[in-house]
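Source file: structure.cif; contents: mmCIF, C-alpha atoms.
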```cif
data_entry
loop_
_atom_site.label_atom_id
_atom_site.label_comp_id
_atom_site.auth_asym_id
_atom_site.auth_seq_id
_atom_site.Cartn_x
_atom_site.Cartn_y
_atom_site.Cartn_z
CA MET T 184 -102.44 -47.53 -112.19
CA GLU T 185 -105.98 -46.41 -113.03
CA LYS T 186 -106.67 -42.82 -112.15
CA LYS T 187 -109.45 -42.08 -109.69
CA ASP T 188 -112.37 -39.78 -110.45
CA ILE T 189 -111.66 -36.83 -108.17
CA ARG T 190 -115.30 -35.78 -108.14
CA LYS T 191 -116.18 -38.96 -106.27
CA LEU T 192 -114.35 -37.56 -103.22
CA ASN T 193 -116.35 -35.40 -100.84
CA LEU T 194 -114.74 -32.34 -99.28
CA GLU T 195 -113.70 -34.28 -96.18
CA LYS T 196 -111.93 -36.97 -98.23
CA LEU T 197 -110.32 -34.32 -100.40
CA THR T 198 -109.01 -32.56 -97.30
CA GLU T 199 -107.64 -35.84 -95.96
CA TYR T 200 -105.81 -36.39 -99.23
CA PHE T 201 -104.09 -32.99 -99.20
CA THR T 202 -103.05 -33.16 -95.55
CA HIS T 203 -101.74 -36.71 -96.07
CA GLU T 204 -99.65 -35.39 -98.97
CA GLY T 205 -98.20 -32.63 -96.80
CA GLU T 206 -100.22 -29.86 -98.41
CA LYS T 207 -102.20 -27.14 -96.63
CA ALA T 208 -105.78 -28.18 -95.88
CA PHE T 209 -107.20 -25.10 -97.65
CA ARG T 210 -105.99 -26.57 -100.97
CA ALA T 211 -108.93 -28.98 -100.75
CA ARG T 212 -111.39 -26.09 -100.63
CA GLN T 213 -109.68 -24.47 -103.62
CA VAL T 214 -109.96 -27.64 -105.69
CA TRP T 215 -113.54 -28.17 -104.52
CA GLU T 216 -114.48 -24.71 -105.75
CA TRP T 217 -112.83 -25.34 -109.12
CA LEU T 218 -114.75 -28.59 -109.51
CA TRP T 219 -118.20 -27.56 -108.34
CA GLN T 220 -118.48 -23.75 -108.55
CA LYS T 221 -116.29 -23.00 -111.55
CA SER T 222 -117.01 -26.31 -113.34
CA ALA T 223 -113.35 -26.92 -114.24
CA ARG T 224 -112.84 -29.60 -116.87
CA SER T 225 -109.11 -30.02 -116.29
CA PHE T 226 -106.51 -29.48 -113.58
CA ASP T 227 -104.69 -26.98 -115.82
CA GLU T 228 -107.55 -24.53 -115.21
CA MET T 229 -106.81 -24.46 -111.47
CA THR T 230 -104.46 -21.50 -111.72
CA ASN T 231 -104.24 -20.75 -107.99
CA LEU T 232 -102.47 -24.09 -107.50
CA SER T 233 -98.78 -24.48 -108.20
CA LYS T 234 -97.77 -26.17 -111.45
CA SER T 235 -96.21 -29.04 -109.53
CA LEU T 236 -99.39 -29.63 -107.53
CA ARG T 237 -101.49 -29.57 -110.70
CA GLU T 238 -99.16 -32.12 -112.25
CA LYS T 239 -99.43 -34.30 -109.15
CA LEU T 240 -103.23 -34.19 -109.29
CA GLN T 241 -103.13 -34.93 -113.00
CA ALA T 242 -100.99 -38.01 -112.34
CA GLU T 243 -103.34 -39.45 -109.70
CA PHE T 244 -106.82 -38.25 -110.64
CA GLU T 245 -109.07 -37.39 -113.54
CA ILE T 246 -112.19 -35.24 -113.84
CA ARG T 247 -114.10 -37.16 -116.57
CA PRO T 248 -116.16 -34.31 -118.04
CA ILE T 249 -118.91 -35.01 -120.56
CA SER T 250 -118.78 -33.57 -124.08
CA ILE T 251 -121.35 -32.84 -126.78
CA ALA T 252 -121.26 -35.54 -129.47
CA THR T 253 -124.23 -34.24 -131.48
CA GLU T 254 -126.48 -31.23 -131.19
CA GLN T 255 -129.86 -30.78 -132.88
CA LYS T 256 -131.73 -27.46 -132.97
CA SER T 257 -135.46 -27.33 -133.56
CA SER T 258 -137.31 -24.53 -135.29
CA ASP T 259 -139.13 -23.93 -131.98
CA GLY T 260 -135.81 -23.26 -130.21
CA THR T 261 -135.46 -26.65 -128.50
CA ILE T 262 -131.87 -27.92 -128.44
CA LYS T 263 -131.26 -31.63 -127.98
CA SER T 264 -127.77 -32.93 -127.29
CA ALA T 265 -126.21 -36.36 -127.29
CA PHE T 266 -123.52 -36.22 -124.62
CA LYS T 267 -120.50 -38.51 -124.79
CA LEU T 268 -119.22 -39.84 -121.45
CA PHE T 269 -115.63 -40.73 -120.54
CA ASP T 270 -116.23 -44.40 -121.48
CA ASP T 271 -117.80 -43.43 -124.85
CA GLU T 272 -121.35 -44.21 -123.72
CA LEU T 273 -124.05 -41.74 -124.82
CA ILE T 274 -126.83 -39.97 -122.94
CA GLU T 275 -129.20 -37.15 -123.83
CA GLY T 276 -130.04 -33.72 -122.53
CA VAL T 277 -132.51 -31.14 -123.81
CA LEU T 278 -132.83 -27.37 -123.50
CA ILE T 279 -136.50 -26.36 -123.66
CA PRO T 280 -136.89 -22.59 -123.99
CA ALA T 281 -140.11 -20.77 -123.14
CA ASP T 282 -141.09 -17.15 -122.59
CA ASP T 283 -140.96 -17.48 -118.83
CA ARG T 284 -138.30 -20.15 -118.28
CA MET T 285 -135.28 -22.04 -119.58
CA THR T 286 -135.64 -25.72 -118.70
CA ALA T 287 -132.99 -28.44 -118.83
CA CYS T 288 -134.18 -32.02 -119.21
CA VAL T 289 -131.40 -34.31 -117.96
CA SER T 290 -130.67 -38.04 -117.82
CA SER T 291 -129.87 -40.18 -114.79
CA GLN T 292 -128.77 -43.48 -116.40
CA VAL T 293 -127.21 -44.78 -119.60
CA GLY T 294 -130.26 -46.52 -121.02
CA CYS T 295 -133.05 -47.81 -118.80
CA SER T 296 -134.20 -51.11 -117.30
CA LEU T 297 -137.93 -50.37 -116.99
CA SER T 298 -139.03 -51.12 -120.59
CA CYS T 299 -141.93 -48.66 -120.80
CA LYS T 300 -143.59 -49.53 -124.11
CA PHE T 301 -143.94 -45.98 -125.45
CA CYS T 302 -140.41 -44.74 -124.69
CA ALA T 303 -137.39 -45.06 -126.97
CA THR T 304 -135.09 -45.38 -123.94
CA GLY T 305 -137.23 -48.30 -122.78
CA TYR T 306 -136.01 -50.24 -125.82
CA MET T 307 -132.36 -49.72 -124.83
CA ASP T 308 -130.41 -51.79 -122.32
CA ARG T 309 -129.38 -50.12 -119.09
CA LYS T 310 -125.60 -49.89 -119.28
CA ARG T 311 -124.85 -48.10 -116.03
CA ASN T 312 -125.83 -45.35 -113.62
CA LEU T 313 -124.56 -41.84 -114.15
CA GLU T 314 -122.15 -40.41 -111.59
CA ALA T 315 -123.07 -37.23 -109.71
CA GLY T 316 -120.49 -35.32 -111.75
CA GLU T 317 -122.04 -36.48 -115.03
CA ILE T 318 -125.47 -35.28 -113.88
CA TYR T 319 -123.95 -31.95 -112.84
CA ASP T 320 -122.13 -31.63 -116.19
CA GLN T 321 -125.38 -31.89 -118.14
CA VAL T 322 -126.75 -28.90 -116.26
CA VAL T 323 -123.57 -26.89 -116.87
CA ALA T 324 -123.60 -27.73 -120.59
CA ILE T 325 -127.29 -26.92 -121.08
CA ASP T 326 -126.95 -23.70 -119.07
CA SER T 327 -124.16 -22.71 -121.47
CA GLN T 328 -126.44 -23.44 -124.44
CA ALA T 329 -129.20 -21.29 -122.91
CA LYS T 330 -126.86 -18.36 -122.39
CA LYS T 331 -125.32 -18.69 -125.87
CA SER T 332 -128.60 -19.10 -127.78
CA PHE T 333 -131.03 -17.03 -125.70
CA ASN T 334 -128.82 -14.87 -123.47
CA LEU T 335 -130.61 -16.34 -120.45
CA PRO T 336 -129.47 -18.77 -117.74
CA LEU T 337 -131.25 -22.00 -116.87
CA SER T 338 -134.20 -21.51 -114.55
CA ASN T 339 -135.54 -25.07 -114.20
CA ILE T 340 -134.29 -28.67 -114.27
CA VAL T 341 -136.37 -31.78 -114.86
CA PHE T 342 -135.09 -35.34 -114.49
CA MET T 343 -137.15 -36.66 -117.39
CA GLY T 344 -134.34 -37.81 -119.68
CA MET T 345 -132.91 -41.29 -120.03
CA GLY T 346 -133.18 -43.64 -117.07
CA GLU T 347 -135.15 -43.97 -113.84
CA PRO T 348 -133.75 -41.48 -111.29
CA LEU T 349 -134.87 -43.47 -108.24
CA LEU T 350 -132.85 -46.48 -109.43
CA ASN T 351 -129.76 -44.26 -109.26
CA TYR T 352 -130.80 -42.75 -105.95
CA LYS T 353 -127.45 -41.93 -104.34
CA ASN T 354 -125.85 -40.30 -107.40
CA VAL T 355 -128.98 -38.35 -108.34
CA LEU T 356 -129.23 -36.87 -104.84
CA GLU T 357 -125.50 -36.09 -104.78
CA GLY T 358 -125.77 -34.46 -108.20
CA ILE T 359 -128.72 -32.34 -107.05
CA ASP T 360 -126.77 -31.39 -103.93
CA ARG T 361 -123.89 -30.06 -106.07
CA ILE T 362 -126.34 -28.22 -108.33
CA THR T 363 -128.18 -26.58 -105.42
CA ALA T 364 -125.43 -26.07 -102.81
CA GLU T 365 -124.01 -22.63 -102.09
CA ASP T 366 -120.57 -24.02 -102.89
CA GLY T 367 -121.99 -25.55 -106.09
CA LEU T 368 -124.19 -24.00 -108.77
CA ASN T 369 -126.51 -22.52 -106.11
CA MET T 370 -129.77 -23.23 -107.96
CA SER T 371 -133.00 -23.46 -105.98
CA PRO T 372 -134.25 -27.01 -105.31
CA LYS T 373 -137.76 -25.63 -105.85
CA ARG T 374 -136.78 -25.28 -109.51
CA ILE T 375 -135.91 -28.98 -109.81
CA THR T 376 -138.36 -31.80 -110.52
CA VAL T 377 -137.46 -35.48 -110.33
CA SER T 378 -139.76 -37.65 -112.42
CA THR T 379 -140.22 -41.33 -111.60
CA ALA T 380 -142.05 -44.18 -113.29
CA GLY T 381 -143.15 -45.12 -109.78
CA ILE T 382 -141.07 -47.01 -107.21
CA ALA T 383 -143.06 -46.80 -103.99
CA LYS T 384 -140.35 -47.60 -101.45
CA MET T 385 -137.94 -45.07 -102.99
CA ILE T 386 -140.63 -42.36 -103.01
CA LYS T 387 -140.95 -42.96 -99.24
CA LYS T 388 -137.17 -42.75 -98.91
CA LEU T 389 -137.23 -39.33 -100.61
CA ALA T 390 -139.70 -38.24 -97.95
CA ASP T 391 -137.58 -39.63 -95.11
CA ASP T 392 -134.51 -37.89 -96.55
CA GLU T 393 -136.47 -34.60 -96.51
CA VAL T 394 -135.64 -33.62 -100.07
CA LYS T 395 -136.56 -30.08 -101.10
CA PHE T 396 -137.10 -30.65 -104.83
CA ASN T 397 -140.39 -31.46 -106.55
CA LEU T 398 -141.64 -34.93 -107.42
CA ALA T 399 -143.48 -36.02 -110.55
CA LEU T 400 -145.01 -39.40 -111.33
CA SER T 401 -145.18 -40.64 -114.93
CA LEU T 402 -148.70 -41.99 -114.65
CA HIS T 403 -150.17 -42.29 -118.18
CA ALA T 404 -153.03 -44.52 -117.04
CA ALA T 405 -155.08 -44.43 -113.85
CA ASP T 406 -156.10 -48.07 -113.77
CA ASP T 407 -153.76 -50.98 -113.13
CA THR T 408 -154.79 -53.03 -116.16
CA LYS T 409 -153.87 -50.35 -118.69
CA ARG T 410 -150.81 -49.17 -116.79
CA ASN T 411 -149.49 -52.75 -116.62
CA GLN T 412 -149.69 -52.91 -120.42
CA ILE T 413 -147.45 -49.89 -121.00
CA MET T 414 -145.36 -49.75 -117.81
CA PRO T 415 -144.30 -53.16 -116.44
CA ILE T 416 -143.05 -51.49 -113.23
CA ASN T 417 -146.74 -51.14 -112.27
CA GLU T 418 -147.02 -54.90 -111.74
CA THR T 419 -144.88 -54.58 -108.60
CA ASN T 420 -145.77 -50.96 -107.78
CA THR T 421 -149.54 -50.79 -108.13
CA LEU T 422 -151.54 -47.58 -108.12
CA GLU T 423 -152.65 -48.29 -104.55
CA ALA T 424 -149.03 -48.69 -103.41
CA LEU T 425 -148.05 -45.52 -105.26
CA LYS T 426 -150.96 -43.59 -103.73
CA GLU T 427 -149.81 -44.57 -100.24
CA ALA T 428 -146.20 -43.58 -101.02
CA LEU T 429 -147.19 -40.25 -102.58
CA LEU T 430 -149.39 -39.33 -99.62
CA TYR T 431 -146.47 -40.17 -97.33
CA PHE T 432 -144.22 -37.92 -99.44
CA TYR T 433 -146.73 -35.07 -99.34
CA ASP T 434 -147.25 -35.38 -95.59
CA LYS T 435 -143.50 -35.02 -95.04
CA SER T 436 -142.68 -32.42 -97.70
CA ARG T 437 -145.96 -30.49 -98.22
CA ASN T 438 -145.00 -30.41 -101.93
CA LYS T 439 -147.80 -31.17 -104.38
CA ILE T 440 -147.21 -34.09 -106.71
CA THR T 441 -147.24 -33.61 -110.48
CA PHE T 442 -148.89 -36.37 -112.50
CA GLU T 443 -147.54 -36.66 -116.02
CA TYR T 444 -150.05 -38.10 -118.44
CA ILE T 445 -149.31 -38.71 -122.12
CA LEU T 446 -152.50 -39.04 -124.15
CA PHE T 447 -152.24 -41.98 -126.57
CA TYR T 448 -154.88 -42.15 -129.30
CA ASN T 449 -157.56 -44.74 -128.57
CA PHE T 450 -155.74 -46.07 -125.50
CA ASN T 451 -156.05 -43.70 -122.54
CA ASP T 452 -157.75 -40.61 -123.99
CA THR T 453 -161.49 -41.10 -123.36
CA ILE T 454 -163.69 -39.32 -120.84
CA GLU T 455 -163.84 -42.63 -118.95
CA ASP T 456 -160.03 -42.52 -118.69
CA ALA T 457 -160.23 -38.88 -117.58
CA GLU T 458 -162.73 -39.85 -114.87
CA LYS T 459 -160.34 -42.52 -113.55
CA LEU T 460 -157.51 -39.98 -113.51
CA LEU T 461 -159.77 -37.50 -111.75
CA LYS T 462 -160.60 -39.98 -108.98
CA PHE T 463 -156.93 -40.90 -108.51
CA ALA T 464 -155.66 -37.31 -108.54
CA LYS T 465 -158.33 -36.11 -106.08
CA GLN T 466 -156.91 -38.43 -103.40
CA ILE T 467 -153.50 -36.70 -103.44
CA PRO T 468 -152.66 -32.97 -103.42
CA SER T 469 -151.53 -32.70 -107.02
CA LYS T 470 -151.68 -31.16 -110.46
CA VAL T 471 -151.73 -32.85 -113.87
CA ASN T 472 -149.46 -32.21 -116.83
CA ILE T 473 -151.04 -33.53 -120.02
CA ILE T 474 -148.24 -34.24 -122.48
CA GLU T 475 -148.38 -34.54 -126.24
CA TYR T 476 -146.70 -37.70 -127.49
CA ASN T 477 -143.63 -37.79 -129.72
CA PRO T 478 -144.13 -41.07 -131.66
CA ILE T 479 -141.20 -43.48 -132.00
CA SER T 480 -140.53 -46.15 -134.61
CA GLU T 481 -140.28 -48.92 -132.01
CA ALA T 482 -143.88 -48.50 -130.80
CA ASN T 483 -147.34 -48.28 -132.38
CA PHE T 484 -148.69 -45.54 -130.13
CA LYS T 485 -149.99 -42.34 -131.72
CA ASN T 486 -150.61 -38.90 -130.28
CA THR T 487 -154.27 -38.26 -129.55
CA GLU T 488 -156.33 -35.86 -131.61
CA ALA T 489 -156.63 -32.22 -130.57
CA ASP T 490 -160.36 -32.35 -129.80
CA ARG T 491 -159.96 -35.46 -127.63
CA LEU T 492 -157.12 -33.77 -125.72
CA ASP T 493 -159.26 -30.66 -125.15
CA LYS T 494 -162.25 -32.67 -123.91
CA PHE T 495 -159.99 -34.72 -121.60
CA ALA T 496 -158.36 -31.61 -120.12
CA ASP T 497 -161.69 -29.77 -119.78
CA HIS T 498 -163.22 -32.69 -117.86
CA LEU T 499 -160.40 -32.51 -115.32
CA LYS T 500 -160.49 -28.71 -115.05
CA LYS T 501 -164.23 -28.43 -114.50
CA ASN T 502 -163.87 -30.93 -111.66
CA GLY T 503 -161.25 -28.90 -109.84
CA ILE T 504 -157.96 -30.38 -111.07
CA ILE T 505 -155.10 -28.02 -111.95
CA VAL T 506 -154.13 -28.96 -115.52
CA ASN T 507 -151.25 -27.83 -117.72
CA VAL T 508 -151.03 -28.99 -121.32
CA ARG T 509 -147.42 -29.48 -122.36
CA ARG T 510 -147.28 -29.22 -126.14
CA SER T 511 -144.73 -31.42 -127.88
CA ARG T 512 -141.45 -29.64 -128.52
CA GLY T 513 -138.78 -30.39 -131.10
CA LYS T 514 -141.11 -32.18 -133.51
CA ASP T 515 -138.65 -31.61 -136.37
CA ILE T 516 -135.73 -33.26 -134.50
CA ASP T 517 -135.22 -36.54 -132.60
CA ALA T 518 -137.17 -35.17 -129.65
CA ALA T 519 -138.52 -38.33 -128.01
CA CYS T 520 -136.48 -39.59 -125.07
CA GLY T 521 -133.77 -41.98 -126.30
CA GLN T 522 -134.13 -41.24 -130.01
CA LEU T 523 -130.96 -39.22 -130.48
CA ALA T 524 -128.77 -41.52 -128.39
CA ASN T 525 -130.11 -44.52 -130.28
CA LYS T 526 -129.35 -42.83 -133.61
CA ASN T 527 -125.80 -41.89 -132.56
CA LYS T 528 -125.17 -45.38 -131.25
CA ALA T 529 -126.22 -46.84 -134.59
CA ALA T 530 -124.14 -44.38 -136.60
#
```
Encoding of this model in structure tokens:
Amino acid sequence: MEKKDIRKLNLEKLTEYFTHEGEKAFRARQVWEWLWQKSARSFDEMTNLSKSLREKLQAEFEIRPISIATEQKSSDGTIKSAFKLFDDELIEGVLIPADDRMTACVSSQVGCSLSCKFCATGYMDRKRNLEAGEIYDQVVAIDSQAKKSFNLPLSNIVFMGMGEPLLNYKNVLEGIDRITAEDGLNMSPKRITVSTAGIAKMIKKLADDEVKFNLALSLHAADDTKRNQIMPINETNTLEALKEALLYFYDKSRNKITFEYILFYNFNDTIEDAEKLLKFAKQIPSKVNIIEYNPISEANFKNTEADRLDKFADHLKKNGIIVNVRRSRGKDIDAACGQLANKNKAA
């Protein structure tokens, strides 16, 4: 008989299980705390349960923790990990250290189905969605790396790794719930950003579900013709549809949107492109993160030149847009999304 993943049970179902088995109901709370507060990786760790009860749980359930398959450390402090899942699939997570924060970049799917032309993950097949526990485990593992390497805990989480979070909606929200809940890791949702390639109806669903975390849109071009070329999802989720959805989200949440914009040399890095971005961003309470590109072998895109980036950013700033320039990290390792998992898969 195949064992069930115990972390797929909510507290109510876990309580039902223990009472059905003739155990005290409080045993469910004890196990719940081991799973989600203490991040137990095995039933043997649950030392306030009897040995016979631990053996019973071991016979019927499994926890399915992730493990680090490969770890790369950059000279700038960035740590990128390929995580192995229970079924031997691989995903990626990154620790990005800075003076004022420790950020975890986590994945939401094994591979991706959106085929963005500049992204290494876009050249992989989508194998499956991650479970809530696998999302949670990435945060636990990267937090451990931050404490070990920098003697600091994680302060921020971004869903900018492999996959499209809004195509794994239920598990991503459950994972965030376990990360932010008082009986979980108790991190602030204000420190979490979910980044989407742009699925209008799911952005509206986030608003209706009254999520407390931040939302970012991977924009990269502010006209439909160019965005269609690099992000096929735009053909069915146009900029006009996304604008409507983002305004709906802001009206419900009062959280400003972050627009992520990678500057590709001679594609989307002119003042004309900046003017289009300016007009789009001015319609929605927002800020812009300009991101340096990590080139990949699968695509012909190149990072823009420094003077073009500066002119682009200055044009936005002088017209009242809040702009942050995110310099590329981990240039001496497989830093681009999907690179390390692809390499491990090929090895």
Please write the residues picked by the PyMOL selection byres ((chain T and resi 194-201) around 12) on this file as a PyMOL selection string. chain T and resi 188-193+202-216+218-219+236+239-240+243-244+361+366
Residue among T:Ile473, T:Ala457, T:Asp308, T:Asn369 lying closest to Lys501 (chain T), counting only C-alpha atoms: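 That would be T:Ala457, the residue with the smallest distance to Lys501 (chain T).
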Selection dump of the PyMOL selection byres ((chain T and resi 343-354) around 7), as number ranges by chain: T: 274-276, 288-295, 304, 312, 314-315, 341-342, 355-358, 378-380, 385, 520-521
Step by step, work through what the PyMOL selection byres ((chain T and resi 375) around 10) selects in the shown file, and finish by giving those residues as a ChimeraX atom specification. /T:286-287,338-342,359,362-363,370-374,376-378,395-398
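Residues in contact with region 486-495 of chain T at 9 Å, where all atoms listed in the file are counted and same-chain residues fewer than 5 positions away are skipped, are listed as Ile445, Leu446, Phe447, Tyr448, Asn449, Phe450, Asp452, Thr453, Ile454, Asp456, Ala457, Glu458, Ile473, Glu475, Tyr476, Asn477, Pro478, Lys500 and Val508 of chain T.
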Shortest interatomic distance to Leu273 (chain T) - which of T:Glu427, T:Glu418, T:Ser480, T:Ser250, counting only C-alpha atoms: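 Result for the nearest residue to Leu273 (chain T): T:Ser250.
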Please report the interatomic distance between CA of Asp407 (chain T) and CA of Thr421 (chain T) in Å with one decimal.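 Those two atoms sit 6.5 Å apart.
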Would you place a box with edges along x, y and z of the file around all atoms of region 417-431 of chain T listed there, add 4 Å to each of its six sides, and report the centre and edge lengths in Å to one decimal, as AutoDock Vina command-line options?
```
--center_x -148.8 --center_y -47.1 --center_z -104.8 --size_x 15.8 --size_y 23.6 --size_z 22.9
```
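Note that the spacing between CA of Pro336 (chain T) and CA of Ile474 (chain T) amounts to 24.8 Å.
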Please, what distance in Å, to one decimal, runs between CA of Glu317 (chain T) and CA of Pro248 (chain T)? 7.0 Å
Looking at all atoms listed in the file, which of T:Ile279, T:Ala383, T:Leu460, T:Leu400 is the one that sits closest to Glu423 (chain T)?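 Nearest candidate to Glu423 (chain T) out of T:Ile279, T:Ala383, T:Leu460, T:Leu400: T:Ala383.
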Within 9 Å of Ile382 (chain T) using only C-alpha atoms, minus same-chain residues under 5 positions, as a count of residues only: 10
Find the residues around Phe463 (chain T) up to 9 Å (only C-alpha atoms counted), leave out those fewer than 5 positions away in its own chain, and share them as an MDAnalysis selection string. chainID T and resid 405:406 422 426 458
Using only C-alpha atoms, please write the residues we just selected to a file, as a PDB file, keeping the file's coordinate frame.
```pdb
ATOM      1  CA  ALA T 405    -155.080 -44.430-113.850  1.00  0.00           C
ATOM      2  CA  ASP T 406    -156.100 -48.070-113.770  1.00  0.00           C
ATOM      3  CA  LEU T 422    -151.540 -47.580-108.120  1.00  0.00           C
ATOM      4  CA  LYS T 426    -150.960 -43.590-103.730  1.00  0.00           C
ATOM      5  CA  GLU T 458    -162.730 -39.850-114.870  1.00  0.00           C
TER       6      GLU T 458
END
```
Measuring atom to atom with all atoms listed in the file, identify which of T:Pro468, T:Gly381, T:Pro280, T:Gly367 is nearest to Phe333 (chain T).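 Once distances to Phe333 (chain T) are computed over all atoms listed in the file, the minimum belongs to T:Pro280.
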